[in-house]
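Source file: run-v4.cif; contents: mmCIF, N, CA, C and O atoms.
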data_my_file
#
loop_
_atom_site.label_atom_id
_atom_site.label_comp_id
_atom_site.auth_asym_id
_atom_site.auth_seq_id
_atom_site.Cartn_x
_atom_site.Cartn_y
_atom_site.Cartn_z
N MET A 834 0.86 -1.16 0.00
CA MET A 834 0.00 0.00 0.00
C MET A 834 0.90 1.22 0.00
O MET A 834 1.63 1.45 0.93
N ASN A 835 0.86 2.00 -1.04
CA ASN A 835 1.69 3.19 -1.16
C ASN A 835 0.85 4.40 -0.80
O ASN A 835 0.13 4.92 -1.63
N GLN A 836 0.93 4.85 0.43
CA GLN A 836 0.12 5.96 0.91
C GLN A 836 0.99 7.19 1.10
O GLN A 836 2.13 7.09 1.51
N ALA A 837 0.40 8.34 0.82
CA ALA A 837 1.11 9.58 1.06
C ALA A 837 0.98 9.95 2.53
O ALA A 837 -0.11 9.90 3.09
N ILE A 838 2.08 10.29 3.12
CA ILE A 838 2.09 10.69 4.52
C ILE A 838 2.84 12.01 4.64
O ILE A 838 3.85 12.22 3.98
N LEU A 839 2.30 12.90 5.43
CA LEU A 839 2.94 14.17 5.72
C LEU A 839 3.39 14.13 7.17
O LEU A 839 2.57 13.90 8.07
N PHE A 840 4.66 14.34 7.41
CA PHE A 840 5.20 14.31 8.76
C PHE A 840 5.23 15.71 9.34
O PHE A 840 5.59 16.67 8.66
N ASN A 841 4.85 15.82 10.60
CA ASN A 841 4.96 17.08 11.32
C ASN A 841 6.39 17.19 11.86
O ASN A 841 7.07 16.20 12.05
N ASP A 842 6.81 18.40 12.14
CA ASP A 842 8.16 18.62 12.66
C ASP A 842 8.09 18.74 14.18
O ASP A 842 8.47 19.76 14.77
N ASP A 843 7.57 17.69 14.82
CA ASP A 843 7.40 17.70 16.27
C ASP A 843 8.15 16.55 16.95
O ASP A 843 7.67 15.97 17.91
N PHE A 844 9.31 16.23 16.42
CA PHE A 844 10.12 15.13 16.95
C PHE A 844 10.53 15.42 18.39
O PHE A 844 10.97 16.52 18.71
N GLN A 845 10.37 14.42 19.23
CA GLN A 845 10.83 14.53 20.61
C GLN A 845 11.28 13.15 21.08
O GLN A 845 10.82 12.14 20.57
N TYR A 846 12.20 13.14 22.01
CA TYR A 846 12.67 11.88 22.58
C TYR A 846 12.04 11.71 23.95
O TYR A 846 12.10 12.60 24.79
N ILE A 847 11.44 10.55 24.17
CA ILE A 847 10.81 10.24 25.45
C ILE A 847 11.76 9.31 26.20
O ILE A 847 11.87 8.13 25.89
N ASP A 848 12.48 9.87 27.17
CA ASP A 848 13.49 9.11 27.91
C ASP A 848 12.91 7.91 28.62
O ASP A 848 13.51 6.83 28.64
N ALA A 849 11.73 8.05 29.23
CA ALA A 849 11.13 6.96 30.00
C ALA A 849 10.83 5.73 29.14
O ALA A 849 10.82 4.61 29.64
N GLN A 850 10.61 5.94 27.84
CA GLN A 850 10.29 4.83 26.94
C GLN A 850 11.42 4.54 25.96
O GLN A 850 11.29 3.64 25.13
N ASN A 851 12.50 5.31 26.06
CA ASN A 851 13.63 5.16 25.14
C ASN A 851 13.18 5.16 23.68
O ASN A 851 13.53 4.27 22.90
N CYS A 852 12.36 6.16 23.33
CA CYS A 852 11.87 6.19 21.96
C CYS A 852 11.68 7.61 21.45
O CYS A 852 11.50 8.55 22.22
N TRP A 853 11.71 7.71 20.13
CA TRP A 853 11.37 8.94 19.44
C TRP A 853 9.87 8.95 19.22
O TRP A 853 9.26 7.92 18.95
N CYS A 854 9.28 10.11 19.31
CA CYS A 854 7.84 10.27 19.08
C CYS A 854 7.65 11.45 18.14
O CYS A 854 8.29 12.49 18.30
N PHE A 855 6.79 11.27 17.15
CA PHE A 855 6.41 12.36 16.26
C PHE A 855 5.07 12.01 15.64
O PHE A 855 4.58 10.90 15.79
N THR A 856 4.47 12.98 14.97
CA THR A 856 3.15 12.77 14.40
C THR A 856 3.18 13.03 12.90
O THR A 856 4.13 13.57 12.36
N GLY A 857 2.11 12.62 12.27
CA GLY A 857 1.96 12.85 10.84
C GLY A 857 0.50 12.77 10.44
O GLY A 857 -0.37 12.45 11.27
N MET A 858 0.24 13.06 9.19
CA MET A 858 -1.10 12.96 8.63
C MET A 858 -1.08 11.88 7.56
O MET A 858 -0.26 11.91 6.64
N LEU A 859 -1.97 10.92 7.70
CA LEU A 859 -2.08 9.80 6.77
C LEU A 859 -3.53 9.67 6.36
O LEU A 859 -4.40 9.41 7.21
N SER A 860 -3.81 9.88 5.10
CA SER A 860 -5.17 9.80 4.58
C SER A 860 -6.14 10.66 5.39
O SER A 860 -7.25 10.23 5.72
N GLY A 861 -5.70 11.85 5.76
CA GLY A 861 -6.55 12.78 6.50
C GLY A 861 -6.64 12.53 7.99
O GLY A 861 -7.30 13.27 8.70
N ALA A 862 -5.99 11.49 8.49
CA ALA A 862 -6.03 11.17 9.92
C ALA A 862 -4.66 11.44 10.55
O ALA A 862 -3.62 11.18 9.95
N ARG A 863 -4.69 11.98 11.76
CA ARG A 863 -3.45 12.21 12.48
C ARG A 863 -2.97 10.88 13.07
O ARG A 863 -3.74 10.16 13.71
N ILE A 864 -1.70 10.56 12.85
CA ILE A 864 -1.12 9.36 13.43
C ILE A 864 0.01 9.76 14.36
O ILE A 864 0.64 10.81 14.18
N THR A 865 0.25 8.92 15.35
CA THR A 865 1.36 9.12 16.28
C THR A 865 2.32 7.96 16.09
O THR A 865 1.90 6.80 16.01
N ILE A 866 3.59 8.29 16.04
CA ILE A 866 4.62 7.31 15.75
C ILE A 866 5.61 7.24 16.91
O ILE A 866 6.08 8.28 17.38
N TYR A 867 5.88 6.02 17.35
CA TYR A 867 6.88 5.78 18.39
C TYR A 867 7.92 4.83 17.81
O TYR A 867 7.59 3.75 17.34
N ILE A 868 9.17 5.25 17.82
CA ILE A 868 10.25 4.42 17.34
C ILE A 868 11.26 4.26 18.46
O ILE A 868 11.94 5.22 18.84
N GLN A 869 11.34 3.04 18.98
CA GLN A 869 12.29 2.77 20.05
C GLN A 869 13.68 2.68 19.45
O GLN A 869 13.95 1.82 18.60
N ALA A 870 14.54 3.61 19.88
CA ALA A 870 15.90 3.70 19.34
C ALA A 870 16.74 4.51 20.31
O ALA A 870 16.19 5.25 21.13
N PRO A 871 18.04 4.39 20.21
CA PRO A 871 18.91 5.17 21.09
C PRO A 871 18.73 6.67 20.87
O PRO A 871 18.44 7.12 19.76
N LYS A 872 18.94 7.42 21.92
CA LYS A 872 18.85 8.87 21.84
C LYS A 872 20.07 9.41 21.11
O LYS A 872 21.20 9.00 21.37
N ARG A 873 19.81 10.29 20.16
CA ARG A 873 20.87 10.97 19.40
C ARG A 873 20.44 12.42 19.22
O ARG A 873 19.28 12.76 19.42
N ASP A 874 21.38 13.25 18.82
CA ASP A 874 21.02 14.62 18.48
C ASP A 874 20.06 14.58 17.30
O ASP A 874 20.27 13.82 16.35
N ILE A 875 19.03 15.42 17.35
CA ILE A 875 18.07 15.46 16.26
C ILE A 875 18.67 16.29 15.12
O ILE A 875 19.03 17.44 15.28
N THR A 876 18.83 15.65 13.99
CA THR A 876 19.37 16.29 12.78
C THR A 876 18.41 16.02 11.64
O THR A 876 17.52 15.15 11.74
N ASP A 877 18.59 16.73 10.55
CA ASP A 877 17.77 16.46 9.37
C ASP A 877 17.97 15.03 8.89
O ASP A 877 17.04 14.37 8.45
N ALA A 878 19.20 14.53 8.99
CA ALA A 878 19.49 13.16 8.57
C ALA A 878 18.73 12.15 9.43
O ALA A 878 18.18 11.17 8.91
N LEU A 879 18.67 12.39 10.74
CA LEU A 879 17.93 11.48 11.63
C LEU A 879 16.43 11.55 11.32
O LEU A 879 15.77 10.52 11.25
N LYS A 880 15.91 12.73 11.14
CA LYS A 880 14.48 12.87 10.79
C LYS A 880 14.17 12.10 9.52
O LYS A 880 13.19 11.37 9.46
N PHE A 881 15.02 12.25 8.51
CA PHE A 881 14.82 11.55 7.25
C PHE A 881 14.85 10.03 7.46
O PHE A 881 14.02 9.31 6.91
N GLU A 882 15.79 9.57 8.26
CA GLU A 882 15.92 8.13 8.54
C GLU A 882 14.65 7.59 9.21
O GLU A 882 14.13 6.55 8.83
N LEU A 883 14.15 8.31 10.21
CA LEU A 883 12.95 7.87 10.91
C LEU A 883 11.72 7.91 9.99
O LEU A 883 10.90 6.99 9.99
N GLU A 884 11.61 8.97 9.20
CA GLU A 884 10.49 9.07 8.26
C GLU A 884 10.53 7.95 7.22
O GLU A 884 9.50 7.39 6.87
N GLU A 885 11.72 7.62 6.76
CA GLU A 885 11.87 6.55 5.78
C GLU A 885 11.46 5.20 6.37
O GLU A 885 10.82 4.38 5.69
N LEU A 886 11.78 4.97 7.65
CA LEU A 886 11.34 3.74 8.31
C LEU A 886 9.82 3.63 8.29
O LEU A 886 9.27 2.55 8.04
N ILE A 887 9.14 4.74 8.55
CA ILE A 887 7.68 4.72 8.57
C ILE A 887 7.12 4.50 7.17
O ILE A 887 6.16 3.74 6.98
N GLU A 888 7.70 5.14 6.18
CA GLU A 888 7.24 4.93 4.81
C GLU A 888 7.39 3.47 4.40
O GLU A 888 6.49 2.90 3.78
N ASP A 889 8.51 2.85 4.76
CA ASP A 889 8.71 1.42 4.47
C ASP A 889 7.68 0.57 5.21
O ASP A 889 7.12 -0.37 4.64
N TYR A 890 7.43 0.90 6.47
CA TYR A 890 6.45 0.17 7.27
C TYR A 890 5.07 0.22 6.61
O TYR A 890 4.36 -0.77 6.54
N LEU A 891 4.71 1.39 6.11
CA LEU A 891 3.37 1.58 5.53
C LEU A 891 3.19 0.90 4.18
O LEU A 891 2.08 0.82 3.68
N GLU A 892 4.27 0.40 3.60
CA GLU A 892 4.14 -0.36 2.36
C GLU A 892 3.31 -1.63 2.59
O GLU A 892 2.59 -2.06 1.69
N ASP A 893 3.41 -2.23 3.79
CA ASP A 893 2.74 -3.49 4.06
C ASP A 893 1.80 -3.44 5.26
O ASP A 893 0.98 -4.34 5.43
N GLU A 894 1.93 -2.44 6.10
CA GLU A 894 1.17 -2.39 7.34
C GLU A 894 0.37 -1.09 7.43
O GLU A 894 0.55 -0.18 6.61
N GLU A 895 -0.46 -1.02 8.45
CA GLU A 895 -1.23 0.19 8.73
C GLU A 895 -1.11 0.51 10.21
O GLU A 895 -0.78 -0.35 11.02
N PRO A 896 -1.42 1.75 10.60
CA PRO A 896 -1.44 2.08 12.03
C PRO A 896 -2.49 1.23 12.75
O PRO A 896 -3.44 0.73 12.12
N ASP A 897 -2.36 1.08 14.06
CA ASP A 897 -3.35 0.32 14.82
C ASP A 897 -4.66 1.10 14.92
O ASP A 897 -4.80 2.19 14.36
N GLU A 898 -5.62 0.56 15.65
CA GLU A 898 -6.96 1.17 15.74
C GLU A 898 -6.94 2.54 16.41
O GLU A 898 -7.88 3.32 16.26
N ASP A 899 -5.85 2.87 17.11
CA ASP A 899 -5.72 4.18 17.74
C ASP A 899 -4.85 5.13 16.91
O ASP A 899 -4.41 6.17 17.40
N ASN A 900 -4.58 4.73 15.66
CA ASN A 900 -3.72 5.49 14.74
C ASN A 900 -2.31 5.68 15.30
O ASN A 900 -1.72 6.75 15.20
N ILE A 901 -1.78 4.59 15.85
CA ILE A 901 -0.42 4.59 16.40
C ILE A 901 0.42 3.57 15.66
O ILE A 901 -0.05 2.47 15.33
N ILE A 902 1.65 3.95 15.39
CA ILE A 902 2.65 3.03 14.83
C ILE A 902 3.78 2.92 15.84
O ILE A 902 4.28 3.93 16.33
N ARG A 903 4.18 1.69 16.16
CA ARG A 903 5.28 1.45 17.07
C ARG A 903 6.32 0.57 16.36
O ARG A 903 5.98 -0.50 15.86
N LEU A 904 7.55 1.05 16.35
CA LEU A 904 8.65 0.31 15.74
C LEU A 904 9.83 0.27 16.69
O LEU A 904 9.99 1.16 17.53
N THR A 905 10.66 -0.72 16.51
CA THR A 905 11.93 -0.82 17.24
C THR A 905 13.04 -0.97 16.22
O THR A 905 12.92 -1.77 15.30
N ILE A 906 14.09 -0.17 16.40
CA ILE A 906 15.24 -0.33 15.49
C ILE A 906 16.49 -0.59 16.30
O ILE A 906 16.52 -0.45 17.49
#
Using structure tokens, write down the structure from this file.
Amino acid sequence: MNQAILFNDDFQYIDAQNCWCFTGMLSGARITIYIQAPKRDITDALKFELEELIEDYLEDEEPDEDNIIRLTI
């Protein structure tokens, strides 16, 4: 499934869960994305990497019933 997704620029690291969190718009619905990964400085390259992971995920999967995507890298 090749869906267009627009990512918001609201990246934040949640220390308690050891994950990155950001949101996006997918088919008119707001989705929340959690990617468990080591904390690093937020750069354009890191944002691109995380966004690319979600785009790859959406090729075969969809967000859950609460419009959440959870990945571990």
To one decimal in Å, tell me the separation between atom CA of Ala849 of chain A and atom O of Ala870 of chain A.
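Atom-to-atom, atom CA of Ala849 of chain A and atom O of Ala870 of chain A are spaced 10.4 Å apart.
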List the spatial neighbours of segment 836-841 of chain A as a PyMOL selection string - criterion: any atom at most 6 Å away, all atoms listed in the file, same-chain residues fewer than 3 positions off excluded.
chain A and resi 844+855-860+891
Students should find that atom N of Ile864 of chain A and atom O of Ile901 of chain A are spaced 8.6 Å
Find the distance between atom CA of Ile902 of chain A and atom CA of Tyr867 of chain A and write it in Å to one decimal.
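So the two atoms, atom CA of Ile902 of chain A and atom CA of Tyr867 of chain A, lie 6.2 Å apart.
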Take the PyMOL selection byres (((chain A and resi 850 and name CA) around 10) and name CA), run it mentally on this structure, and tell me the resulting residues as a PyMOL selection string.
chain A and resi 846-849+851-854+867-870
What are the centre and the three edge lengths of an axis-aligned box that wraps all atoms of segment 886-895 of chain A in the file, given that 6 Å is added to every side, written as lines of an AutoDock Vina configuration file and rounded to one decimal in Å?
center_x = 5.3
center_y = 0.4
center_z = 6.4
size_x = 25.0
size_y = 21.5
size_z = 21.3
Pick out the residues sitting within 6 Å of Asn900 of chain A, and hand them over as a ChimeraX atom specification; count all atoms listed in the file, and ignore anything fewer than 2 positions along from it in its own chain.
/A:863-866,896-898,902
Can you list, as number ranges by chain, every residue of chain A that DSSP puts in alpha helix (DSSP H)?
A: 877-891
Enumerate the residues of chain A with a DSSP assignment of strand (DSSP E or B), computed from the backbone, and present them as a list of chain:residue names.
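Secondary structure check on chain A, strand (DSSP E or B): A:Ile838, A:Leu839, A:Phe840, A:Gln845, A:Tyr846, A:Ile847, A:Cys852, A:Trp853, A:Cys854, A:Phe855, A:Thr856, A:Gly857, A:Met858, A:Leu859, A:Ala862, A:Arg863, A:Ile864, A:Thr865, A:Ile866, A:Tyr867, A:Ile868, A:Gln869, A:Ile901, A:Ile902, A:Arg903, A:Leu904, A:Thr905.
Nearest residue to Glu882 of chain A among A:Ile906, A:Asp899, A:Ala862, A:Glu894 is A:Ile906, counting only C-alpha atoms.
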Using the partial input, fill out segment 879-890 of chain A with all heavy atoms; write the result as a PDB file, keeping the file's coordinate frame.
ATOM      1  N   LEU A 879      18.670  12.390  10.740  1.00  0.00           N
ATOM      2  CA  LEU A 879      17.930  11.480  11.630  1.00  0.00           C
ATOM      3  C   LEU A 879      16.430  11.550  11.320  1.00  0.00           C
ATOM      4  O   LEU A 879      15.770  10.520  11.250  1.00  0.00           O
ATOM      5  CB  LEU A 879      18.187  11.807  13.093  1.00  0.00           C
ATOM      6  CG  LEU A 879      17.405  10.979  14.100  1.00  0.00           C
ATOM      7  CD1 LEU A 879      17.695   9.484  13.949  1.00  0.00           C
ATOM      8  CD2 LEU A 879      17.689  11.434  15.521  1.00  0.00           C
ATOM      9  N   LYS A 880      15.910  12.730  11.140  1.00  0.00           N
ATOM     10  CA  LYS A 880      14.480  12.870  10.790  1.00  0.00           C
ATOM     11  C   LYS A 880      14.170  12.100   9.520  1.00  0.00           C
ATOM     12  O   LYS A 880      13.190  11.370   9.460  1.00  0.00           O
ATOM     13  CB  LYS A 880      14.110  14.344  10.614  1.00  0.00           C
ATOM     14  CG  LYS A 880      14.107  15.138  11.890  1.00  0.00           C
ATOM     15  CD  LYS A 880      13.783  16.589  11.594  1.00  0.00           C
ATOM     16  CE  LYS A 880      13.871  17.454  12.821  1.00  0.00           C
ATOM     17  NZ  LYS A 880      13.579  18.870  12.522  1.00  0.00           N
ATOM     18  N   PHE A 881      15.020  12.250   8.510  1.00  0.00           N
ATOM     19  CA  PHE A 881      14.820  11.550   7.250  1.00  0.00           C
ATOM     20  C   PHE A 881      14.850  10.030   7.460  1.00  0.00           C
ATOM     21  O   PHE A 881      14.020   9.310   6.910  1.00  0.00           O
ATOM     22  CB  PHE A 881      15.878  11.970   6.228  1.00  0.00           C
ATOM     23  CG  PHE A 881      15.732  11.283   4.907  1.00  0.00           C
ATOM     24  CD1 PHE A 881      14.750  11.667   4.009  1.00  0.00           C
ATOM     25  CD2 PHE A 881      16.569  10.238   4.560  1.00  0.00           C
ATOM     26  CE1 PHE A 881      14.602  11.019   2.793  1.00  0.00           C
ATOM     27  CE2 PHE A 881      16.436   9.583   3.348  1.00  0.00           C
ATOM     28  CZ  PHE A 881      15.446   9.970   2.455  1.00  0.00           C
ATOM     29  N   GLU A 882      15.790   9.570   8.260  1.00  0.00           N
ATOM     30  CA  GLU A 882      15.920   8.130   8.540  1.00  0.00           C
ATOM     31  C   GLU A 882      14.650   7.590   9.210  1.00  0.00           C
ATOM     32  O   GLU A 882      14.130   6.550   8.830  1.00  0.00           O
ATOM     33  CB  GLU A 882      17.131   7.898   9.444  1.00  0.00           C
ATOM     34  CG  GLU A 882      17.378   6.462   9.818  1.00  0.00           C
ATOM     35  CD  GLU A 882      18.557   6.320  10.775  1.00  0.00           C
ATOM     36  OE1 GLU A 882      19.498   7.131  10.732  1.00  0.00           O
ATOM     37  OE2 GLU A 882      18.518   5.371  11.591  1.00  0.00           O
ATOM     38  N   LEU A 883      14.150   8.310  10.210  1.00  0.00           N
ATOM     39  CA  LEU A 883      12.950   7.870  10.910  1.00  0.00           C
ATOM     40  C   LEU A 883      11.720   7.910   9.990  1.00  0.00           C
ATOM     41  O   LEU A 883      10.900   6.990   9.990  1.00  0.00           O
ATOM     42  CB  LEU A 883      12.711   8.729  12.152  1.00  0.00           C
ATOM     43  CG  LEU A 883      13.796   8.667  13.230  1.00  0.00           C
ATOM     44  CD1 LEU A 883      13.499   9.651  14.349  1.00  0.00           C
ATOM     45  CD2 LEU A 883      13.971   7.257  13.775  1.00  0.00           C
ATOM     46  N   GLU A 884      11.610   8.970   9.200  1.00  0.00           N
ATOM     47  CA  GLU A 884      10.490   9.070   8.260  1.00  0.00           C
ATOM     48  C   GLU A 884      10.530   7.950   7.220  1.00  0.00           C
ATOM     49  O   GLU A 884       9.500   7.390   6.870  1.00  0.00           O
ATOM     50  CB  GLU A 884      10.513  10.437   7.575  1.00  0.00           C
ATOM     51  CG  GLU A 884      10.171  11.569   8.519  1.00  0.00           C
ATOM     52  CD  GLU A 884      10.387  12.942   7.916  1.00  0.00           C
ATOM     53  OE1 GLU A 884      10.889  13.047   6.770  1.00  0.00           O
ATOM     54  OE2 GLU A 884      10.049  13.933   8.599  1.00  0.00           O
ATOM     55  N   GLU A 885      11.720   7.620   6.760  1.00  0.00           N
ATOM     56  CA  GLU A 885      11.870   6.550   5.780  1.00  0.00           C
ATOM     57  C   GLU A 885      11.460   5.200   6.370  1.00  0.00           C
ATOM     58  O   GLU A 885      10.820   4.380   5.690  1.00  0.00           O
ATOM     59  CB  GLU A 885      13.318   6.507   5.282  1.00  0.00           C
ATOM     60  CG  GLU A 885      13.510   5.583   4.104  1.00  0.00           C
ATOM     61  CD  GLU A 885      14.899   5.710   3.516  1.00  0.00           C
ATOM     62  OE1 GLU A 885      15.873   5.805   4.285  1.00  0.00           O
ATOM     63  OE2 GLU A 885      14.992   5.721   2.284  1.00  0.00           O
ATOM     64  N   LEU A 886      11.780   4.970   7.650  1.00  0.00           N
ATOM     65  CA  LEU A 886      11.340   3.740   8.310  1.00  0.00           C
ATOM     66  C   LEU A 886       9.820   3.630   8.290  1.00  0.00           C
ATOM     67  O   LEU A 886       9.270   2.550   8.040  1.00  0.00           O
ATOM     68  CB  LEU A 886      11.832   3.703   9.751  1.00  0.00           C
ATOM     69  CG  LEU A 886      13.299   3.407   9.976  1.00  0.00           C
ATOM     70  CD1 LEU A 886      13.665   3.667  11.429  1.00  0.00           C
ATOM     71  CD2 LEU A 886      13.607   1.971   9.593  1.00  0.00           C
ATOM     72  N   ILE A 887       9.140   4.740   8.550  1.00  0.00           N
ATOM     73  CA  ILE A 887       7.680   4.720   8.570  1.00  0.00           C
ATOM     74  C   ILE A 887       7.120   4.500   7.170  1.00  0.00           C
ATOM     75  O   ILE A 887       6.160   3.740   6.980  1.00  0.00           O
ATOM     76  CB  ILE A 887       7.126   6.013   9.203  1.00  0.00           C
ATOM     77  CG1 ILE A 887       7.573   6.101  10.648  1.00  0.00           C
ATOM     78  CG2 ILE A 887       5.609   6.084   9.093  1.00  0.00           C
ATOM     79  CD1 ILE A 887       7.211   4.905  11.509  1.00  0.00           C
ATOM     80  N   GLU A 888       7.700   5.140   6.180  1.00  0.00           N
ATOM     81  CA  GLU A 888       7.240   4.930   4.810  1.00  0.00           C
ATOM     82  C   GLU A 888       7.390   3.470   4.400  1.00  0.00           C
ATOM     83  O   GLU A 888       6.490   2.900   3.780  1.00  0.00           O
ATOM     84  CB  GLU A 888       7.988   5.858   3.860  1.00  0.00           C
ATOM     85  CG  GLU A 888       7.579   7.307   4.029  1.00  0.00           C
ATOM     86  CD  GLU A 888       8.451   8.280   3.267  1.00  0.00           C
ATOM     87  OE1 GLU A 888       9.496   7.865   2.703  1.00  0.00           O
ATOM     88  OE2 GLU A 888       8.093   9.459   3.241  1.00  0.00           O
ATOM     89  N   ASP A 889       8.510   2.850   4.760  1.00  0.00           N
ATOM     90  CA  ASP A 889       8.710   1.420   4.470  1.00  0.00           C
ATOM     91  C   ASP A 889       7.680   0.570   5.210  1.00  0.00           C
ATOM     92  O   ASP A 889       7.120  -0.370   4.640  1.00  0.00           O
ATOM     93  CB  ASP A 889      10.121   0.981   4.857  1.00  0.00           C
ATOM     94  CG  ASP A 889      11.188   1.565   3.946  1.00  0.00           C
ATOM     95  OD1 ASP A 889      10.846   2.081   2.866  1.00  0.00           O
ATOM     96  OD2 ASP A 889      12.379   1.509   4.332  1.00  0.00           O
ATOM     97  N   TYR A 890       7.430   0.900   6.470  1.00  0.00           N
ATOM     98  CA  TYR A 890       6.450   0.170   7.270  1.00  0.00           C
ATOM     99  C   TYR A 890       5.070   0.220   6.610  1.00  0.00           C
ATOM    100  O   TYR A 890       4.360  -0.770   6.540  1.00  0.00           O
ATOM    101  CB  TYR A 890       6.392   0.775   8.672  1.00  0.00           C
ATOM    102  CG  TYR A 890       5.293   0.240   9.550  1.00  0.00           C
ATOM    103  CD1 TYR A 890       5.496  -0.897  10.323  1.00  0.00           C
ATOM    104  CD2 TYR A 890       4.052   0.869   9.620  1.00  0.00           C
ATOM    105  CE1 TYR A 890       4.480  -1.394  11.140  1.00  0.00           C
ATOM    106  CE2 TYR A 890       3.043   0.383  10.431  1.00  0.00           C
ATOM    107  CZ  TYR A 890       3.258  -0.749  11.179  1.00  0.00           C
ATOM    108  OH  TYR A 890       2.255  -1.228  11.976  1.00  0.00           O
TER     109      TYR A 890
END
